[in-house]
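**Q** Structure incoming, see below.
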Amino acid sequence: MKRYGEVQALAGASLSLQAGELVGLLGPNGAGKTTMINAIAGRLKLDAGAVRLFGRTLTREDKRPELGVVPQEIAVYPLLTARENLEVFGRLYGVASTALKERVDWALEWSDLKDRARESTKKFSGGMKRRLNIACGLVHEPAIVLLDEPTVGVDPQSRERIYEMLDALRRAGVSILLTTHHLEEAERRCERIVIIDHGRIVAAGTVQDLVSTTIGAARTLRMTLGAPLAASAPVPPGIVLDDNRQTMTAEVADVGRDVGRLLASVAAAGGDVIDVAVGGATLQDVFISLTGRALRE
Amino acid sequence: MMGTLLRIAWTNFRRDRVALSLTFVLPVIFFSIFAGIFGNQRTSATRRLRVAIVDEDRTAYSQALVAALQSEGALRAQTTAEENGKGEVLDRVKAEDLVRKGDLPVAVVLPKGLGDSKKFWSDAASRGPKVQLLADVSDPIAPQVVRGLLQKVSFTAAPESMAAEGLAMFEKYSGPLTPAQRASFDRWMSGARQGGNPSPAAGSAAEMGLPIELVNVMQPGGGDNVTISFYAAGVGVMFLLFSCAGAGGSLIEEEESGTLGRLISSRAGMTGVLLGKWVFISMMGMLQLCLMFTWGAVMFGLPLVRHLPGFLIVTLFTAPAAAGFGLVLAALSRTRAQLSGMSTIIILTMSAIGGSMFPRFLMSETMQKAGLVTFNAWALDGYLKVFWRNAPLIDLWPQVVVLTGLTAAFLAIARTLARRWETV
């Protein structure tokens, strides 16, 4: 629990992270994502509740050497080179001087910055800075990594690269919790999704779990006609005709059984179907369904 | 188009509180501060000069001079170690010591033989011992004021002495007076001794008056490095404060960039981060002061090598205190702009009151005491003790103690204020 004045930032939110798991923490702006990350990282004092790490209950002041925190800001020193940034954060986070070079070399390799290691980071592109920002949080080899919007403001190529980096970490057994507004990426990359809103966890599970528990397993059949359906023609039952009378949609509980029957009924009504698409609910649908369409902040 | 541009500029300006205060409030504050400091110099509170008097002559003449100086409204003359007449009677050594320590700017020594010698109308060959002004010439005004008042009281306190000498000189070069002239002169002298007003005929007394010698007790026979050492210390300490405040501002930049959060979450913690910054800024400040004084030595003949141990001691305690002060200012500020505005006001105020811009010894006594609440005053006093007063190293202990105390206080305050960075 955490309250800032009138705002209840965390209202009984609870989540757990298993070894080697990549979990996406999603929510609208102001839902409590960053507050949750900060609480785990020990950057705020909870009004109630606790953070447990490998069985230890932590106070805010307790150090968390197993934790790597990557803030949303590009928290690196612009006048230092990539290598120097990694060295200083490595030392501050407890990497022994004997192991420092090896860890820094690993981080440069991992973040694909080896060739630019000796350049001042202020000259880096947005994507390079993001990768270095993440690497600085990992140079001390944490078992758990918290990333706040790690792909914000970077191009698709850099986002792909960042997720590849995170996949490599996960395969090595590192647990990862990240916040993001890129729902399609979260759907594709995260093993488990946690949706937070108004400081409460409103849903948690795999994307399939979330879809089936919020929207259901039904698919949507979309049919496009070659010409508008005649005004006098009857609309077959279970089908919704758009205002232009040229696009039809229908909920399909069993694709194999129902699609043929629906196509036949449209043909019988005089419709000339030229294209068909069958799709399921997305994480975006689940997200909107759970958090609503109203703008936040 | 111009209207639209003006609207943008005005709206931005009106909503920027820092810009508003820097434009309209800061000048008024500074005007008030400087009016308070320098305006007082011309009011009734104009300082009365403290002067030590050493009467080695102990004649009626010298005693008359002492009494006249003590009754002068512009002076606070003392003949004993303490101003209220207590303590030992001053001799030359003790009086000089008072000047050296900066307790008072001038000591008047009435030498033995003064009363019996020719003082006013003598030629170079027959002139007796000179009255000596043992002065700290870093205060260029005080010795001149005392010299003028000394000439004045020499005429008014012992007019018969001057008249008798004048007549003797007249007789030497013009021949003796006739008996009738002599009788007339003796009658006039009798009246003068009884307190009558002697003739003001001594129109050129300034050239012919009491022989006075100014003795620079701070740098006997030395060059004109007093102003150099004062400005090196004054400017050095003021810019040290600006540098330290600026360097402390790196905390604000680190907060904005997110690196501060990373540092706080590391093994260093907030205390470690502050200590790291403090050590760095202290070292930077020491280097800055070393550079300033080295430049003074190379370009302006500041005797740095001769005073190196004292300089190093004062610098060793001044820079860490300034660094702590910079951290306090940074921890008080929310943004760089706030820090810039606030540090400008506070540092310039401290510099004005503390004597970086205008020597404290020229301020009224009240302002001199008020200046001691500032960091600048203690640091400057330390440097002036070293470079100007040639004080032994042990004499620096008050400055060392106060600067150490200030450093500890600044660090404690900065650490308390820095709690806001520890939690989000």
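Every chain in the structure tokens takes a letter, A first, then B, and so on in the order presented; its residues are numbered from 1, and the ligands are numbered from 1 following the presented order.
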Near chain A, meaning an atom within 10 Å, which residues of chain B appear when counting only C-alpha atoms? Write them as a ChimeraX atom specification.
**A** /B:254-269,421-424
**Q** Please identify the helix (DSSP H, G or I) residues within region 4-143 of chain A (assignment by DSSP from backbone atoms) and present them as JSON, numbers by chain.
**A** {"A": [33, 34, 35, 36, 37, 38, 39, 40, 41, 82, 83, 84, 85, 86, 87, 88, 89, 90, 91, 92, 97, 98, 99, 100, 101, 102, 103, 104, 105, 106, 107, 108, 109, 110, 114, 115, 116, 121, 122, 123, 126, 127, 128, 129, 130, 131, 132, 133, 134, 135, 136]}
**Q** Keeping only N, CA and C atoms, take the residues you just selected and write them out as a compact mmCIF listing (two decimals), in the first residue's frame.
**A**
# COMPACT_ATOMS: atom_id res chain seq x y z
N LYS A 33 2.48 1.46 -11.99
CA LYS A 33 3.56 0.59 -12.46
C LYS A 33 4.91 1.02 -11.87
N THR A 34 5.23 2.32 -12.08
CA THR A 34 6.53 2.80 -11.62
C THR A 34 6.60 2.78 -10.09
N THR A 35 5.47 3.05 -9.44
CA THR A 35 5.45 2.99 -7.97
C THR A 35 5.77 1.58 -7.51
N MET A 36 5.21 0.59 -8.21
CA MET A 36 5.48 -0.81 -7.86
C MET A 36 6.97 -1.13 -8.04
N ILE A 37 7.54 -0.69 -9.16
CA ILE A 37 8.98 -0.92 -9.41
C ILE A 37 9.81 -0.26 -8.32
N ASN A 38 9.46 1.00 -8.01
CA ASN A 38 10.22 1.73 -6.97
C ASN A 38 10.10 1.07 -5.61
N ALA A 39 8.92 0.52 -5.31
CA ALA A 39 8.74 -0.16 -4.02
C ALA A 39 9.63 -1.39 -3.94
N ILE A 40 9.68 -2.14 -5.03
CA ILE A 40 10.52 -3.34 -5.03
C ILE A 40 12.00 -2.95 -4.93
N ALA A 41 12.33 -1.84 -5.62
CA ALA A 41 13.74 -1.41 -5.63
C ALA A 41 14.16 -0.72 -4.35
N ALA A 82 31.11 4.47 -22.89
CA ALA A 82 30.27 3.33 -22.51
C ALA A 82 31.02 2.44 -21.51
N ARG A 83 32.29 2.20 -21.81
CA ARG A 83 33.07 1.35 -20.90
C ARG A 83 33.18 1.98 -19.51
N GLU A 84 33.46 3.29 -19.49
CA GLU A 84 33.60 3.97 -18.19
C GLU A 84 32.30 3.93 -17.39
N ASN A 85 31.18 4.14 -18.09
CA ASN A 85 29.89 4.05 -17.39
C ASN A 85 29.71 2.68 -16.76
N LEU A 86 30.00 1.65 -17.55
CA LEU A 86 29.83 0.29 -17.03
C LEU A 86 30.78 0.02 -15.87
N GLU A 87 31.98 0.55 -15.98
CA GLU A 87 32.96 0.34 -14.90
C GLU A 87 32.50 0.99 -13.60
N VAL A 88 32.04 2.25 -13.69
CA VAL A 88 31.68 2.93 -12.43
C VAL A 88 30.45 2.29 -11.80
N PHE A 89 29.46 1.93 -12.61
CA PHE A 89 28.28 1.31 -12.00
C PHE A 89 28.60 -0.12 -11.53
N GLY A 90 29.50 -0.77 -12.24
CA GLY A 90 29.92 -2.09 -11.77
C GLY A 90 30.56 -2.03 -10.40
N ARG A 91 31.46 -1.07 -10.23
CA ARG A 91 32.14 -0.93 -8.94
C ARG A 91 31.15 -0.56 -7.84
N LEU A 92 30.28 0.39 -8.16
CA LEU A 92 29.31 0.84 -7.14
C LEU A 92 28.35 -0.27 -6.75
N SER A 97 37.07 -5.85 -8.24
CA SER A 97 37.94 -5.25 -9.26
C SER A 97 38.55 -6.32 -10.16
N THR A 98 38.73 -7.53 -9.62
CA THR A 98 39.32 -8.59 -10.44
C THR A 98 38.35 -9.08 -11.51
N ALA A 99 37.06 -8.94 -11.23
CA ALA A 99 36.06 -9.44 -12.18
C ALA A 99 35.49 -8.34 -13.06
N LEU A 100 35.90 -7.10 -12.77
CA LEU A 100 35.25 -5.97 -13.42
C LEU A 100 35.42 -5.98 -14.94
N LYS A 101 36.64 -6.22 -15.39
CA LYS A 101 36.89 -6.17 -16.83
C LYS A 101 36.05 -7.21 -17.56
N GLU A 102 36.01 -8.39 -16.97
CA GLU A 102 35.24 -9.48 -17.59
C GLU A 102 33.75 -9.11 -17.68
N ARG A 103 33.21 -8.54 -16.61
CA ARG A 103 31.80 -8.17 -16.59
C ARG A 103 31.52 -7.04 -17.58
N VAL A 104 32.42 -6.06 -17.63
CA VAL A 104 32.22 -4.93 -18.55
C VAL A 104 32.29 -5.43 -19.99
N ASP A 105 33.25 -6.31 -20.27
CA ASP A 105 33.35 -6.87 -21.63
C ASP A 105 32.07 -7.62 -21.98
N TRP A 106 31.55 -8.39 -21.01
CA TRP A 106 30.30 -9.12 -21.26
C TRP A 106 29.16 -8.14 -21.57
N ALA A 107 29.07 -7.07 -20.77
CA ALA A 107 27.96 -6.12 -20.94
C ALA A 107 28.06 -5.41 -22.29
N LEU A 108 29.29 -5.09 -22.70
CA LEU A 108 29.47 -4.42 -24.00
C LEU A 108 29.09 -5.36 -25.13
N GLU A 109 29.48 -6.62 -24.99
CA GLU A 109 29.14 -7.62 -26.00
C GLU A 109 27.62 -7.82 -26.05
N TRP A 110 27.06 -7.97 -24.87
CA TRP A 110 25.63 -8.26 -24.75
C TRP A 110 24.76 -7.14 -25.31
N LYS A 114 30.27 -3.06 -28.25
CA LYS A 114 31.71 -3.29 -28.12
C LYS A 114 32.52 -2.35 -29.01
N ASP A 115 32.00 -2.13 -30.23
CA ASP A 115 32.77 -1.29 -31.16
C ASP A 115 32.75 0.18 -30.78
N ARG A 116 31.81 0.57 -29.91
CA ARG A 116 31.71 1.98 -29.54
C ARG A 116 32.08 2.20 -28.08
N THR A 121 29.25 8.78 -24.45
CA THR A 121 27.89 8.31 -24.72
C THR A 121 26.96 9.41 -25.20
N LYS A 122 27.39 10.66 -25.05
CA LYS A 122 26.50 11.73 -25.53
C LYS A 122 26.38 11.70 -27.05
N LYS A 123 27.32 11.01 -27.70
CA LYS A 123 27.25 10.91 -29.16
C LYS A 123 26.39 9.73 -29.61
N GLY A 126 19.63 7.14 -29.76
CA GLY A 126 18.69 6.81 -28.69
C GLY A 126 18.71 5.33 -28.35
N GLY A 127 18.78 4.50 -29.40
CA GLY A 127 18.78 3.05 -29.17
C GLY A 127 20.03 2.59 -28.43
N MET A 128 21.16 3.17 -28.81
CA MET A 128 22.42 2.79 -28.14
C MET A 128 22.40 3.20 -26.68
N LYS A 129 21.88 4.41 -26.43
CA LYS A 129 21.81 4.86 -25.03
C LYS A 129 20.90 3.94 -24.22
N ARG A 130 19.78 3.52 -24.84
CA ARG A 130 18.85 2.62 -24.14
C ARG A 130 19.55 1.30 -23.80
N ARG A 131 20.29 0.78 -24.76
CA ARG A 131 20.96 -0.50 -24.52
C ARG A 131 22.02 -0.36 -23.42
N LEU A 132 22.74 0.76 -23.45
CA LEU A 132 23.74 0.98 -22.41
C LEU A 132 23.07 1.16 -21.05
N ASN A 133 21.93 1.88 -21.06
CA ASN A 133 21.18 2.11 -19.82
C ASN A 133 20.80 0.77 -19.17
N ILE A 134 20.39 -0.17 -20.02
CA ILE A 134 20.01 -1.49 -19.50
C ILE A 134 21.27 -2.23 -19.02
N ALA A 135 22.32 -2.15 -19.83
CA ALA A 135 23.55 -2.87 -19.48
C ALA A 135 24.11 -2.40 -18.14
N CYS A 136 23.98 -1.09 -17.87
CA CYS A 136 24.50 -0.56 -16.60
C CYS A 136 23.76 -1.16 -15.40
**Q** Just want the 8 Å neighbourhood of Gly296 (chain B), counted on only C-alpha atoms, with same-chain residues fewer than 4 positions away dropped. Output as a list in words.
**A** Ile228, Ser229, Ala232, Met292, Phe300, Gly301 and Leu302 of chain B
**Q** I'd like the contact shell of Leu167 (chain B) - 10 Å cut-off, only C-alpha atoms, skipping same-chain residues fewer than 3 positions apart - returned as a PDB file with C-alpha atoms, in the first residue's frame.
**A**
ATOM      1  CA  TRP B 121      59.738  74.987  14.431  1.00  0.00           C
ATOM      2  CA  MET B 162      54.628  75.531  20.073  1.00  0.00           C
ATOM      3  CA  ALA B 163      54.754  79.277  20.714  1.00  0.00           C
ATOM      4  CA  ALA B 164      57.953  79.072  22.757  1.00  0.00           C
ATOM      5  CA  PHE B 170      62.575  83.601  15.418  1.00  0.00           C
ATOM      6  CA  GLU B 171      65.321  84.783  17.736  1.00  0.00           C
ATOM      7  CA  LYS B 172      67.795  82.336  16.206  1.00  0.00           C
ATOM      8  CA  SER B 174      66.235  87.345  13.425  1.00  0.00           C
ATOM      9  CA  PRO B 176      66.902  88.484  20.187  1.00  0.00           C
ATOM     10  CA  LEU B 177      63.702  90.310  21.215  1.00  0.00           C
ATOM     11  CA  ARG B 182      60.051  89.803  25.677  1.00  0.00           C
ATOM     12  CA  PHE B 185      55.438  87.699  24.950  1.00  0.00           C
TER      13      PHE B 185
END
**Q** Which distance in Å separates CA of Arg48 (chain B) and CA of Phe375 (chain B), to one decimal?
**A** 26.2 Å
**Q** What lies within 12 Å of region 22-27 of chain B using only C-alpha atoms, ignoring chain neighbours under 2 positions off, as a list in words?
**A**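 Result of the neighbour search: Phe13, Arg14, Asp16, Arg17, Val18, Ala19, Leu20, Ile29, Phe30, Phe31, Ser32, Ile33, Phe34, Ala35, Ala337, Gln338, Leu339, Ser340, Gly341, Met342, Ser343, Thr344, Ile345, Ile346, Leu348 and Thr349 of chain B.
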**Q** Take the residues just selected and output them with N, CA and C atoms as a PDB file, in the first residue's frame.
**A**
ATOM      1  N   PHE B  13       7.664  34.696 -19.594  1.00  0.00           N
ATOM      2  CA  PHE B  13       8.350  35.443 -18.536  1.00  0.00           C
ATOM      3  C   PHE B  13       7.483  35.516 -17.280  1.00  0.00           C
ATOM      4  N   ARG B  14       6.186  35.808 -17.501  1.00  0.00           N
ATOM      5  CA  ARG B  14       5.263  35.986 -16.369  1.00  0.00           C
ATOM      6  C   ARG B  14       5.129  34.692 -15.580  1.00  0.00           C
ATOM      7  N   ASP B  16       7.447  32.332 -15.330  1.00  0.00           N
ATOM      8  CA  ASP B  16       8.738  31.824 -14.853  1.00  0.00           C
ATOM      9  C   ASP B  16       9.113  32.589 -13.594  1.00  0.00           C
ATOM     10  N   ARG B  17       8.850  31.985 -12.444  1.00  0.00           N
ATOM     11  CA  ARG B  17       9.047  32.700 -11.179  1.00  0.00           C
ATOM     12  C   ARG B  17      10.512  33.060 -10.952  1.00  0.00           C
ATOM     13  N   VAL B  18      11.396  32.161 -11.386  1.00  0.00           N
ATOM     14  CA  VAL B  18      12.822  32.439 -11.170  1.00  0.00           C
ATOM     15  C   VAL B  18      13.242  33.668 -11.964  1.00  0.00           C
ATOM     16  N   ALA B  19      12.827  33.701 -13.239  1.00  0.00           N
ATOM     17  CA  ALA B  19      13.180  34.846 -14.075  1.00  0.00           C
ATOM     18  C   ALA B  19      12.584  36.130 -13.507  1.00  0.00           C
ATOM     19  N   LEU B  20      11.362  36.032 -13.021  1.00  0.00           N
ATOM     20  CA  LEU B  20      10.710  37.206 -12.425  1.00  0.00           C
ATOM     21  C   LEU B  20      11.495  37.719 -11.223  1.00  0.00           C
ATOM     22  N   ILE B  29      16.776  43.453  -3.519  1.00  0.00           N
ATOM     23  CA  ILE B  29      17.427  42.832  -2.355  1.00  0.00           C
ATOM     24  C   ILE B  29      18.871  43.322  -2.247  1.00  0.00           C
ATOM     25  N   PHE B  30      19.561  43.331  -3.382  1.00  0.00           N
ATOM     26  CA  PHE B  30      20.955  43.742  -3.347  1.00  0.00           C
ATOM     27  C   PHE B  30      21.123  45.205  -2.983  1.00  0.00           C
ATOM     28  N   PHE B  31      20.228  45.997  -3.537  1.00  0.00           N
ATOM     29  CA  PHE B  31      20.274  47.417  -3.194  1.00  0.00           C
ATOM     30  C   PHE B  31      20.132  47.573  -1.682  1.00  0.00           C
ATOM     31  N   SER B  32      19.189  46.837  -1.111  1.00  0.00           N
ATOM     32  CA  SER B  32      18.935  46.941   0.336  1.00  0.00           C
ATOM     33  C   SER B  32      20.161  46.501   1.132  1.00  0.00           C
ATOM     34  N   ILE B  33      20.774  45.394   0.681  1.00  0.00           N
ATOM     35  CA  ILE B  33      21.942  44.879   1.406  1.00  0.00           C
ATOM     36  C   ILE B  33      23.090  45.891   1.378  1.00  0.00           C
ATOM     37  N   PHE B  34      23.379  46.385   0.180  1.00  0.00           N
ATOM     38  CA  PHE B  34      24.518  47.299   0.070  1.00  0.00           C
ATOM     39  C   PHE B  34      24.234  48.630   0.754  1.00  0.00           C
ATOM     40  N   ALA B  35      22.961  49.067   0.667  1.00  0.00           N
ATOM     41  CA  ALA B  35      22.601  50.301   1.370  1.00  0.00           C
ATOM     42  C   ALA B  35      22.794  50.093   2.868  1.00  0.00           C
ATOM     43  N   ALA B 337      17.907  26.220 -11.966  1.00  0.00           N
ATOM     44  CA  ALA B 337      17.583  27.646 -12.000  1.00  0.00           C
ATOM     45  C   ALA B 337      17.403  28.178 -10.580  1.00  0.00           C
ATOM     46  N   GLN B 338      16.731  27.393  -9.747  1.00  0.00           N
ATOM     47  CA  GLN B 338      16.549  27.794  -8.348  1.00  0.00           C
ATOM     48  C   GLN B 338      17.903  27.928  -7.664  1.00  0.00           C
ATOM     49  N   LEU B 339      18.760  26.955  -7.896  1.00  0.00           N
ATOM     50  CA  LEU B 339      20.081  26.962  -7.264  1.00  0.00           C
ATOM     51  C   LEU B 339      20.857  28.190  -7.704  1.00  0.00           C
ATOM     52  N   SER B 340      20.778  28.474  -9.003  1.00  0.00           N
ATOM     53  CA  SER B 340      21.526  29.594  -9.530  1.00  0.00           C
ATOM     54  C   SER B 340      21.069  30.906  -8.885  1.00  0.00           C
ATOM     55  N   GLY B 341      19.749  31.120  -8.845  1.00  0.00           N
ATOM     56  CA  GLY B 341      19.217  32.348  -8.259  1.00  0.00           C
ATOM     57  C   GLY B 341      19.534  32.450  -6.783  1.00  0.00           C
ATOM     58  N   MET B 342      19.274  31.364  -6.059  1.00  0.00           N
ATOM     59  CA  MET B 342      19.463  31.389  -4.612  1.00  0.00           C
ATOM     60  C   MET B 342      20.947  31.559  -4.259  1.00  0.00           C
ATOM     61  N   SER B 343      21.815  30.814  -4.949  1.00  0.00           N
ATOM     62  CA  SER B 343      23.235  30.897  -4.596  1.00  0.00           C
ATOM     63  C   SER B 343      23.785  32.280  -4.921  1.00  0.00           C
ATOM     64  N   THR B 344      23.304  32.892  -5.996  1.00  0.00           N
ATOM     65  CA  THR B 344      23.774  34.242  -6.333  1.00  0.00           C
ATOM     66  C   THR B 344      23.438  35.207  -5.199  1.00  0.00           C
ATOM     67  N   ILE B 345      22.186  35.137  -4.738  1.00  0.00           N
ATOM     68  CA  ILE B 345      21.760  36.057  -3.676  1.00  0.00           C
ATOM     69  C   ILE B 345      22.563  35.804  -2.404  1.00  0.00           C
ATOM     70  N   ILE B 346      22.610  34.540  -1.987  1.00  0.00           N
ATOM     71  CA  ILE B 346      23.233  34.226  -0.697  1.00  0.00           C
ATOM     72  C   ILE B 346      24.734  34.483  -0.724  1.00  0.00           C
ATOM     73  N   LEU B 348      26.574  36.419  -2.771  1.00  0.00           N
ATOM     74  CA  LEU B 348      26.947  37.829  -2.871  1.00  0.00           C
ATOM     75  C   LEU B 348      26.669  38.557  -1.559  1.00  0.00           C
ATOM     76  N   THR B 349      25.582  38.179  -0.893  1.00  0.00           N
ATOM     77  CA  THR B 349      25.281  38.802   0.404  1.00  0.00           C
ATOM     78  C   THR B 349      26.368  38.454   1.416  1.00  0.00           C
TER      79      THR B 349
END
**Q** Please give the complete set of residues from region 11-195 of chain B that DSSP, run on the backbone, assigns to strand (DSSP E), formatted as a PyMOL selection string.
**A** chain B and resi 49-55+75-78+106-110+131-135
**Q** Write the residues you've just listed into a file as a PDB file, in the first residue's frame, and include C-alpha atoms for each of them.
**A**
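Done, and the output landed in result_3.pdb:
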ATOM      1  CA  LEU B  49      38.759  54.597  15.700  1.00  0.00           C
ATOM      2  CA  ARG B  50      40.341  52.480  18.367  1.00  0.00           C
ATOM      3  CA  VAL B  51      43.836  53.716  19.095  1.00  0.00           C
ATOM      4  CA  ALA B  52      46.464  52.517  21.519  1.00  0.00           C
ATOM      5  CA  ILE B  53      48.690  55.140  23.095  1.00  0.00           C
ATOM      6  CA  VAL B  54      52.113  54.418  24.517  1.00  0.00           C
ATOM      7  CA  ASP B  55      53.609  57.230  26.557  1.00  0.00           C
ATOM      8  CA  LEU B  75      38.875  58.202  18.810  1.00  0.00           C
ATOM      9  CA  ARG B  76      38.590  55.449  21.368  1.00  0.00           C
ATOM     10  CA  ALA B  77      42.039  55.779  22.817  1.00  0.00           C
ATOM     11  CA  GLN B  78      43.408  53.292  25.310  1.00  0.00           C
ATOM     12  CA  VAL B 106      46.891  52.212  14.932  1.00  0.00           C
ATOM     13  CA  ALA B 107      49.062  52.660  18.000  1.00  0.00           C
ATOM     14  CA  VAL B 108      50.583  56.056  18.847  1.00  0.00           C
ATOM     15  CA  VAL B 109      54.006  55.941  20.473  1.00  0.00           C
ATOM     16  CA  LEU B 110      55.123  59.170  22.171  1.00  0.00           C
ATOM     17  CA  VAL B 131      55.982  60.408  17.265  1.00  0.00           C
ATOM     18  CA  GLN B 132      55.447  56.987  15.743  1.00  0.00           C
ATOM     19  CA  LEU B 133      52.218  55.639  14.345  1.00  0.00           C
ATOM     20  CA  LEU B 134      52.429  51.852  14.440  1.00  0.00           C
ATOM     21  CA  ALA B 135      49.818  51.060  11.849  1.00  0.00           C
TER      22      ALA B 135
END
**Q** Do a neighbour search on Leu65 (chain B) at 8 Å with only C-alpha atoms, toss out local chain neighbours closer than 4 positions, and write the hits as a PyMOL selection string.
**A** chain B and resi 61+69+150+153-154+157-158
**Q** So that I can check the surroundings of Ser265 (chain A), please list as a list in words every protein, DNA and RNA residue that reaches within 10 Å of it, counting only C-alpha atoms and ignoring chain neighbours fewer than 5 positions away.
**A**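 So, after excluding close chain neighbours, the residues are Val235, Pro236, Pro237, Ile239, Gly260, Gly270 and Gly271 of chain A.
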**Q** Suppose you want the space between CA of Val217 (chain B) and CA of Pro111 (chain B); what is it in Å?
**A**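 It comes out at 16.5 Å.
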**Q** Just the number, please: distance in Å from CA of Val255 (chain A) to CA of Ala218 (chain A), one decimal.
**A**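 Going from CA of Val255 (chain A) over to CA of Ala218 (chain A) covers 8.9 Å.
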